[in-house]
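Asks: File model.json below, JSON, C-alpha atoms:
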```json
[["chain", "number", "residue", "atom", "x", "y", "z"],
["A", 1, "GLY", "CA", -39.26, 107.17, 160.62],
["A", 2, "GLN", "CA", -38.81, 109.28, 157.53],
["A", 3, "GLN", "CA", -36.27, 107.95, 155.08],
["A", 4, "LEU", "CA", -36.55, 110.76, 152.51],
["A", 5, "ASN", "CA", -35.52, 114.40, 152.72],
["A", 6, "GLN", "CA", -37.51, 116.50, 150.26],
["A", 7, "SER", "CA", -36.72, 120.09, 149.37],
["A", 8, "PRO", "CA", -37.73, 122.78, 149.14],
["A", 9, "GLN", "CA", -40.55, 122.61, 151.67],
["A", 10, "SER", "CA", -42.51, 125.26, 149.79],
["A", 11, "MET", "CA", -42.19, 127.35, 146.65],
["A", 12, "PHE", "CA", -43.89, 130.49, 145.39],
["A", 13, "ILE", "CA", -43.39, 131.04, 141.67],
["A", 14, "GLN", "CA", -44.80, 133.13, 138.86],
["A", 15, "GLU", "CA", -46.89, 131.46, 136.19],
["A", 16, "GLY", "CA", -44.65, 130.40, 133.33],
["A", 17, "GLU", "CA", -41.58, 129.77, 135.47],
["A", 18, "ASP", "CA", -39.84, 126.42, 135.73],
["A", 19, "VAL", "CA", -39.76, 124.51, 139.02],
["A", 20, "SER", "CA", -37.32, 122.00, 140.44],
["A", 21, "MET", "CA", -37.60, 119.91, 143.58],
["A", 22, "ASN", "CA", -35.64, 116.94, 144.86],
["A", 23, "CYS", "CA", -35.48, 114.08, 147.29],
["A", 24, "THR", "CA", -32.45, 112.57, 148.94],
["A", 25, "SER", "CA", -32.00, 109.62, 151.21],
["A", 26, "SER", "CA", -29.25, 107.79, 153.06],
["A", 27, "SER", "CA", -30.84, 104.54, 151.87],
["A", 28, "ILE", "CA", -30.85, 102.94, 148.43],
["A", 29, "PHE", "CA", -34.15, 102.81, 146.60],
["A", 30, "ASN", "CA", -35.32, 100.39, 143.91],
["A", 31, "THR", "CA", -38.01, 102.70, 142.55],
["A", 32, "TRP", "CA", -38.79, 106.39, 142.78],
["A", 33, "LEU", "CA", -42.28, 107.76, 142.31],
["A", 34, "TRP", "CA", -43.57, 111.30, 142.20],
["A", 35, "TYR", "CA", -47.12, 112.08, 143.31],
["A", 36, "LYS", "CA", -49.22, 115.25, 143.46],
["A", 37, "GLN", "CA", -51.83, 115.78, 146.14],
["A", 38, "ASP", "CA", -54.62, 118.35, 145.93],
["A", 39, "PRO", "CA", -56.62, 119.41, 149.00],
["A", 40, "GLY", "CA", -59.10, 116.76, 150.10],
["A", 41, "GLU", "CA", -57.82, 114.20, 147.64],
["A", 42, "GLY", "CA", -55.39, 111.34, 147.55],
["A", 43, "PRO", "CA", -51.95, 111.40, 145.95],
["A", 44, "VAL", "CA", -52.06, 111.05, 142.17],
["A", 45, "LEU", "CA", -49.17, 109.34, 140.42],
["A", 46, "LEU", "CA", -47.19, 111.63, 138.08],
["A", 47, "ILE", "CA", -44.07, 109.70, 137.14],
["A", 48, "ALA", "CA", -42.54, 106.32, 138.03],
["A", 49, "LEU", "CA", -38.81, 105.58, 137.75],
["A", 50, "TYR", "CA", -37.32, 102.09, 137.88],
["A", 51, "LYS", "CA", -33.63, 102.26, 136.95],
["A", 52, "ALA", "CA", -30.67, 104.29, 138.16],
["A", 53, "GLY", "CA", -30.03, 107.14, 135.74],
["A", 54, "GLU", "CA", -33.47, 106.89, 134.16],
["A", 55, "LEU", "CA", -34.89, 110.17, 132.91],
["A", 56, "THR", "CA", -38.64, 110.18, 132.23],
["A", 57, "SER", "CA", -41.02, 112.85, 131.03],
["A", 58, "ASN", "CA", -44.78, 113.24, 131.33],
["A", 59, "GLY", "CA", -45.86, 116.37, 129.46],
["A", 60, "ARG", "CA", -44.26, 119.34, 131.21],
["A", 61, "LEU", "CA", -42.90, 117.12, 133.99],
["A", 62, "THR", "CA", -39.48, 115.49, 133.93],
["A", 63, "ALA", "CA", -38.03, 113.30, 136.65],
["A", 64, "GLN", "CA", -34.76, 111.46, 137.09],
["A", 65, "PHE", "CA", -33.66, 108.48, 139.17],
["A", 66, "GLY", "CA", -30.25, 109.38, 140.61],
["A", 67, "ILE", "CA", -27.20, 107.31, 139.69],
["A", 68, "THR", "CA", -26.48, 106.53, 143.32],
["A", 69, "ARG", "CA", -30.12, 105.35, 143.73],
["A", 70, "LYS", "CA", -30.34, 107.62, 146.77],
["A", 71, "ASP", "CA", -31.94, 110.63, 145.13],
["A", 72, "SER", "CA", -34.41, 111.86, 142.55],
["A", 73, "PHE", "CA", -35.54, 115.19, 141.17],
["A", 74, "LEU", "CA", -38.71, 116.49, 139.54],
["A", 75, "ASN", "CA", -38.82, 119.44, 137.16],
["A", 76, "ILE", "CA", -41.96, 121.22, 136.01],
["A", 77, "SER", "CA", -41.57, 123.51, 133.02],
["A", 78, "ALA", "CA", -43.70, 126.55, 132.19],
["A", 79, "SER", "CA", -45.83, 126.31, 135.31],
["A", 80, "ILE", "CA", -49.56, 126.99, 135.15],
["A", 81, "PRO", "CA", -52.07, 127.74, 137.93],
["A", 82, "SER", "CA", -53.34, 124.14, 138.07],
["A", 83, "ASP", "CA", -49.85, 122.98, 139.07],
["A", 84, "VAL", "CA", -50.66, 124.25, 142.57],
["A", 85, "GLY", "CA", -50.57, 121.46, 145.12],
["A", 86, "ILE", "CA", -48.25, 119.37, 147.24],
["A", 87, "TYR", "CA", -45.72, 117.18, 145.46],
["A", 88, "PHE", "CA", -44.38, 114.06, 147.14],
["A", 89, "CYS", "CA", -41.51, 111.83, 146.25],
["A", 90, "ALA", "CA", -41.88, 108.20, 147.32],
["A", 91, "GLY", "CA", -40.02, 105.00, 146.79],
["A", 92, "HIS", "CA", -39.49, 101.35, 147.52],
["A", 93, "LEU", "CA", -36.41, 100.56, 149.55],
["A", 94, "GLN", "CA", -33.77, 98.16, 148.26],
["A", 95, "THR", "CA", -34.75, 95.82, 151.10],
["A", 96, "GLY", "CA", -37.66, 94.65, 149.00],
["A", 97, "ALA", "CA", -40.43, 95.86, 151.26],
["A", 98, "ASN", "CA", -43.34, 96.79, 149.03],
["A", 99, "ASN", "CA", -44.69, 99.66, 151.10],
["A", 100, "LEU", "CA", -43.80, 103.17, 150.04],
["A", 101, "PHE", "CA", -41.67, 105.60, 152.00],
["A", 102, "PHE", "CA", -42.68, 109.21, 151.40],
["A", 103, "GLY", "CA", -40.87, 112.51, 151.38],
["A", 104, "THR", "CA", -42.26, 115.37, 153.44],
["A", 105, "GLY", "CA", -43.70, 117.13, 150.42],
["A", 106, "THR", "CA", -43.12, 120.36, 148.49],
["A", 107, "ARG", "CA", -46.01, 122.81, 148.55],
["A", 108, "LEU", "CA", -46.14, 124.68, 145.24],
["A", 109, "THR", "CA", -47.97, 127.97, 144.82],
["A", 110, "VAL", "CA", -48.23, 129.46, 141.32],
["A", 111, "ILE", "CA", -48.97, 133.16, 141.12],
["A", 112, "PRO", "CA", -50.94, 134.06, 137.97],
["B", 1, "GLY", "CA", -63.63, 99.59, 139.50],
["B", 2, "GLU", "CA", -61.01, 101.78, 137.91],
["B", 3, "GLU", "CA", -60.24, 103.73, 141.04],
["B", 4, "VAL", "CA", -59.71, 103.05, 144.72],
["B", 5, "ALA", "CA", -62.93, 103.82, 146.56],
["B", 6, "GLN", "CA", -62.77, 104.78, 150.22],
["B", 7, "THR", "CA", -65.73, 105.28, 152.53],
["B", 8, "PRO", "CA", -66.74, 107.25, 154.43],
["B", 9, "LYS", "CA", -65.08, 110.49, 153.34],
["B", 10, "HIS", "CA", -65.38, 111.92, 156.85],
["B", 11, "LEU", "CA", -65.84, 110.11, 160.16],
["B", 12, "VAL", "CA", -66.28, 111.76, 163.54],
["B", 13, "ARG", "CA", -66.00, 109.75, 166.74],
["B", 14, "GLY", "CA", -65.84, 110.52, 170.42],
["B", 15, "GLU", "CA", -62.71, 109.45, 172.22],
["B", 16, "GLY", "CA", -63.03, 105.80, 173.20],
["B", 17, "GLN", "CA", -65.46, 104.91, 170.43],
["B", 18, "LYS", "CA", -64.76, 102.51, 167.58],
["B", 19, "ALA", "CA", -64.02, 103.65, 164.05],
["B", 20, "LYS", "CA", -64.22, 101.52, 160.92],
["B", 21, "LEU", "CA", -62.98, 102.58, 157.50],
["B", 22, "TYR", "CA", -63.52, 100.83, 154.18],
["B", 23, "CYS", "CA", -61.58, 100.49, 150.94],
["B", 24, "ALA", "CA", -62.45, 98.91, 147.61],
["B", 25, "PRO", "CA", -59.24, 98.44, 145.60],
["B", 26, "ILE", "CA", -58.97, 98.71, 141.84],
["B", 27, "LYS", "CA", -60.30, 95.55, 140.23],
["B", 28, "GLY", "CA", -57.46, 93.16, 139.46],
["B", 29, "HIS", "CA", -55.04, 94.66, 141.96],
["B", 30, "SER", "CA", -53.78, 92.05, 144.37],
["B", 31, "TYR", "CA", -52.05, 94.36, 146.86],
["B", 32, "VAL", "CA", -53.79, 96.75, 149.26],
["B", 33, "PHE", "CA", -52.02, 99.23, 151.50],
["B", 34, "TRP", "CA", -53.16, 101.47, 154.34],
["B", 35, "TYR", "CA", -51.34, 104.70, 155.20],
["B", 36, "GLN", "CA", -51.99, 107.35, 157.80],
["B", 37, "GLN", "CA", -51.35, 110.99, 156.90],
["B", 38, "VAL", "CA", -50.93, 113.24, 159.90],
["B", 39, "LEU", "CA", -50.10, 116.90, 160.46],
["B", 40, "LYS", "CA", -47.23, 118.23, 158.32],
["B", 41, "ASN", "CA", -48.34, 115.83, 155.59],
["B", 42, "GLU", "CA", -46.27, 112.92, 156.84],
["B", 43, "PHE", "CA", -47.36, 109.53, 155.49],
["B", 44, "LYS", "CA", -47.01, 106.55, 157.79],
["B", 45, "PHE", "CA", -47.37, 103.01, 156.44],
["B", 46, "LEU", "CA", -49.69, 100.83, 158.50],
["B", 47, "ILE", "CA", -50.33, 97.49, 156.81],
["B", 48, "SER", "CA", -50.44, 95.76, 153.44],
["B", 49, "PHE", "CA", -52.33, 92.77, 152.09],
["B", 50, "GLN", "CA", -51.72, 90.39, 149.24],
["B", 51, "ASN", "CA", -55.25, 89.39, 148.36],
["B", 52, "GLU", "CA", -56.80, 88.42, 151.73],
["B", 53, "ASN", "CA", -53.49, 87.67, 153.44],
["B", 54, "VAL", "CA", -51.55, 90.11, 155.58],
["B", 55, "PHE", "CA", -48.32, 90.86, 153.69],
["B", 56, "ASP", "CA", -46.62, 93.36, 155.98],
["B", 57, "GLU", "CA", -47.99, 94.69, 159.25],
["B", 58, "THR", "CA", -44.85, 96.29, 160.61],
["B", 59, "GLY", "CA", -46.48, 99.72, 160.79],
["B", 60, "MET", "CA", -49.63, 98.68, 162.63],
["B", 61, "PRO", "CA", -50.07, 99.76, 166.23],
["B", 62, "LYS", "CA", -50.57, 96.40, 167.89],
["B", 63, "GLU", "CA", -53.17, 97.16, 170.49],
["B", 64, "ARG", "CA", -56.12, 98.98, 168.95],
["B", 65, "PHE", "CA", -55.74, 98.72, 165.18],
["B", 66, "SER", "CA", -56.86, 95.81, 163.05],
["B", 67, "ALA", "CA", -57.46, 95.31, 159.35],
["B", 68, "LYS", "CA", -58.98, 92.74, 157.02],
["B", 69, "CYS", "CA", -59.34, 92.06, 153.33],
["B", 70, "LEU", "CA", -61.94, 89.34, 152.81],
["B", 71, "PRO", "CA", -62.96, 87.88, 149.45],
["B", 72, "ASN", "CA", -65.80, 89.74, 147.72],
["B", 73, "SER", "CA", -65.86, 92.47, 150.38],
["B", 74, "PRO", "CA", -64.23, 95.87, 150.76],
["B", 75, "CYS", "CA", -61.07, 95.88, 152.85],
["B", 76, "SER", "CA", -61.47, 97.46, 156.28],
["B", 77, "LEU", "CA", -59.37, 99.22, 158.89],
["B", 78, "GLU", "CA", -60.80, 99.27, 162.40],
["B", 79, "ILE", "CA", -59.64, 101.27, 165.38],
["B", 80, "GLN", "CA", -60.92, 100.27, 168.80],
["B", 81, "ALA", "CA", -61.07, 102.71, 171.72],
["B", 82, "THR", "CA", -60.01, 105.67, 169.61],
["B", 83, "LYS", "CA", -57.68, 108.31, 171.00],
["B", 84, "LEU", "CA", -57.24, 111.96, 170.06],
["B", 85, "GLU", "CA", -53.91, 111.09, 168.40],
["B", 86, "ASP", "CA", -55.74, 108.82, 165.92],
["B", 87, "SER", "CA", -57.13, 111.92, 164.19],
["B", 88, "ALA", "CA", -55.67, 111.82, 160.70],
["B", 89, "VAL", "CA", -56.50, 111.10, 157.08],
["B", 90, "TYR", "CA", -56.30, 107.40, 156.32],
["B", 91, "PHE", "CA", -55.45, 106.46, 152.76],
["B", 92, "CYS", "CA", -55.87, 103.16, 151.04],
["B", 93, "ALA", "CA", -53.82, 102.29, 147.95],
["B", 94, "SER", "CA", -53.78, 99.30, 145.65],
["B", 95, "SER", "CA", -51.36, 97.93, 143.10],
["B", 96, "GLN", "CA", -50.28, 95.00, 141.02],
["B", 97, "SER", "CA", -47.13, 93.38, 142.39],
["B", 98, "TYR", "CA", -44.43, 96.06, 142.81],
["B", 99, "GLN", "CA", -46.22, 98.36, 140.36],
["B", 100, "PRO", "CA", -47.00, 101.95, 141.35],
["B", 101, "GLN", "CA", -49.62, 102.29, 144.02],
["B", 102, "HIS", "CA", -52.84, 104.13, 143.23],
["B", 103, "PHE", "CA", -54.51, 105.95, 146.09],
["B", 104, "GLY", "CA", -58.06, 106.62, 147.12],
["B", 105, "ASP", "CA", -59.18, 110.04, 148.31],
["B", 106, "GLY", "CA", -58.89, 109.06, 151.95],
["B", 107, "THR", "CA", -61.08, 109.04, 155.03],
["B", 108, "ARG", "CA", -60.66, 112.00, 157.38],
["B", 109, "LEU", "CA", -61.06, 110.68, 160.93],
["B", 110, "SER", "CA", -61.72, 113.24, 163.63],
["B", 111, "ILE", "CA", -61.65, 112.14, 167.26],
["B", 112, "LEU", "CA", -63.34, 114.57, 169.63]]
```
Could you express the structure from this file as structure tokens?
Replies:
Amino acid sequence: GQQLNQSPQSMFIQEGEDVSMNCTSSSIFNTWLWYKQDPGEGPVLLIALYKAGELTSNGRLTAQFGITRKDSFLNISASIPSDVGIYFCAGHLQTGANNLFFGTGTRLTVIP
Amino acid sequence: GEEVAQTPKHLVRGEGQKAKLYCAPIKGHSYVFWYQQVLKNEFKFLISFQNENVFDETGMPKERFSAKCLPNSPCSLEIQATKLEDSAVYFCASSQSYQPQHFGDGTRLSIL
């Protein structure tokens, strides 16, 4: 079953606003990944995190690997219309299994 | 190639028929993964391969689902005697060992 709780489920924001979403789990993760999925397409990798406490940026996106290794957040600054989509957190469990566990997604709508 | 290629993009089958999906991983990637995305965007891991060997099949329904990755051929996921509940988008992903997975655009399977 689902190992990751992602929130919020959906967001409606004005263009130019900042966005924050997060994932939490009762399990420890070795890696955290953030993906974006557009309609009819596969998830596209945005940011990968490998160490507890790591803070990584990719343009207007910033993500952090929580100290407890059980959570991660993604921030998007100065949102633009093309940020619309569904954002997923995903990760590899500490158990060493190499398949990804996914969050339930955050659907972002940006109002021009 | 530089991206994961999945075919066909859409597949429609009558209940009870067979369905076969294909995936060409990124050249040089030794791991291939299959995921099923159902309603509410939930991703379910099915199976992974390391080259042509099954690496983890803990998510595979035992009875009707099978998968292969043969040398010099696209990987395949086959569903025998399809059921309505098999309707979903099936994603293939590939990676180097424990590196981020890169996804194809999926095959939408509709069972009528």
Asks: Report, in Å with one decimal, the straight-line distance from atom CA of Leu46 of chain B to atom CA of Gly66 of chain A.
Replies: 27.8 Å
Asks: When you draw a straight line from atom CA of Ser27 of chain A to atom CA of Gly53 of chain A, how long is it in Å?
Replies: 16.4 Å
Asks: Give me, as an MDAnalysis selection string, all polymer residues having an atom no more than 8 Å from His10 of chain B, counting all atoms listed in the file and skipping those fewer than 4 positions away in the same chain.
Replies: chainID B and resid 107:110
Asks: Keeping C-alpha atoms for every residue in the selection just given, could you write it to a file as a PDB file, in the frame of the given file?
Replies:
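Final output, saved to selection01.pdb:
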```pdb
ATOM      1  CA  THR B 107     -61.080 109.040 155.030  1.00  0.00           C
ATOM      2  CA  ARG B 108     -60.660 112.000 157.380  1.00  0.00           C
ATOM      3  CA  LEU B 109     -61.060 110.680 160.930  1.00  0.00           C
ATOM      4  CA  SER B 110     -61.720 113.240 163.630  1.00  0.00           C
TER       5      SER B 110
END
```
Asks: Residues of chain A within 9 Å of chain B, counting all atoms listed in the file, what are they? List them as a list in words.
Replies: Gly1, Gln2, Leu33, Gly40, Glu41, Gly42, Pro43, Val44, Leu45, Ala48, His92, Ala97, Asn98, Asn99, Leu100, Phe101, Phe102, Gly103, Thr104 and Gly105 of chain A
Asks: Restricting the calculation to all atoms listed in the file: of A:Phe73, A:Thr62, A:Gly91, A:Ser57, which residue gets closest to Thr31 of chain A?
Replies: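 Checking each candidate against Thr31 of chain A, we get A:Gly91 as the closest.
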Asks: How many Å separate atom CA of Pro8 of chain B from atom CA of Ala88 of chain B?
Replies: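 Separating atom CA of Pro8 of chain B from atom CA of Ala88 of chain B is a distance of 13.5 Å.
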Asks: To test the calculation: enclose all listed atoms of segment 3-7 of chain B in a box whose edges run along x, y and z, add 6 Å on each side, then state centre and edge lengths in Å to one decimal, as AutoDock Vina command-line options.
Replies:
```
--center_x -62.7 --center_y 104.2 --center_z 146.8 --size_x 18.0 --size_y 14.2 --size_z 23.5
```
Asks: Which of these residues is nearest to His29 of chain B, using only C-alpha atoms: B:Glu52, B:Glu57, B:Glu63, B:Glu78?
Replies: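 Among the listed residues, the smallest separation from His29 of chain B belongs to B:Glu52.
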Asks: Counting only C-alpha atoms, which of A:Thr24, A:Gln14, A:Pro8, A:Trp34 gets nearest to Thr109 of chain A?
Replies: A:Gln14
Asks: Calculated over only C-alpha atoms, which of the candidates B:Asn72, B:Thr7, B:Ser94, B:Gln37 has the smallest distance to Gln50 of chain B?
Replies: B:Ser94
Asks: Measuring between all atoms listed in the file, which one of B:Ser30, B:Gln80, B:Arg13, B:Ser73 shows the shortest distance to Pro61 of chain B?
Replies: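 The shortest atom-to-atom distance to Pro61 of chain B comes from B:Gln80.
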Asks: Which residues come within 10 Å of Ala19 of chain B, counting all atoms listed in the file, excluding same-chain residues fewer than 2 positions away, as a list in words?
Replies: Leu11, Val12, Arg13, Gly14, Gly16, Gln17, Leu21, Phe65, Leu77, Glu78, Ile79, Gln80, Ala81, Thr82, Asp86, Leu109, Ser110 and Ile111 of chain B
Asks: Ranking A:Asn58, A:Gln6, A:Asp38, A:Met21 by minimum distance to Gly85 of chain A and counting all atoms listed in the file, which one comes first?
Replies: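 Closest to Gly85 of chain A of all the choices is A:Asp38.
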Asks: List every protein, DNA or RNA residue that has at least one atom no more than 7 Å from (-60.2, 95.6, 158.8) in the file's coordinates, counting all atoms listed in the file, and write the result as a list of chain:residue names.
Replies: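 Answer for this query, in the requested form: B:Ser66, B:Ala67, B:Lys68, B:Cys69, B:Cys75, B:Ser76, B:Leu77, B:Glu78.
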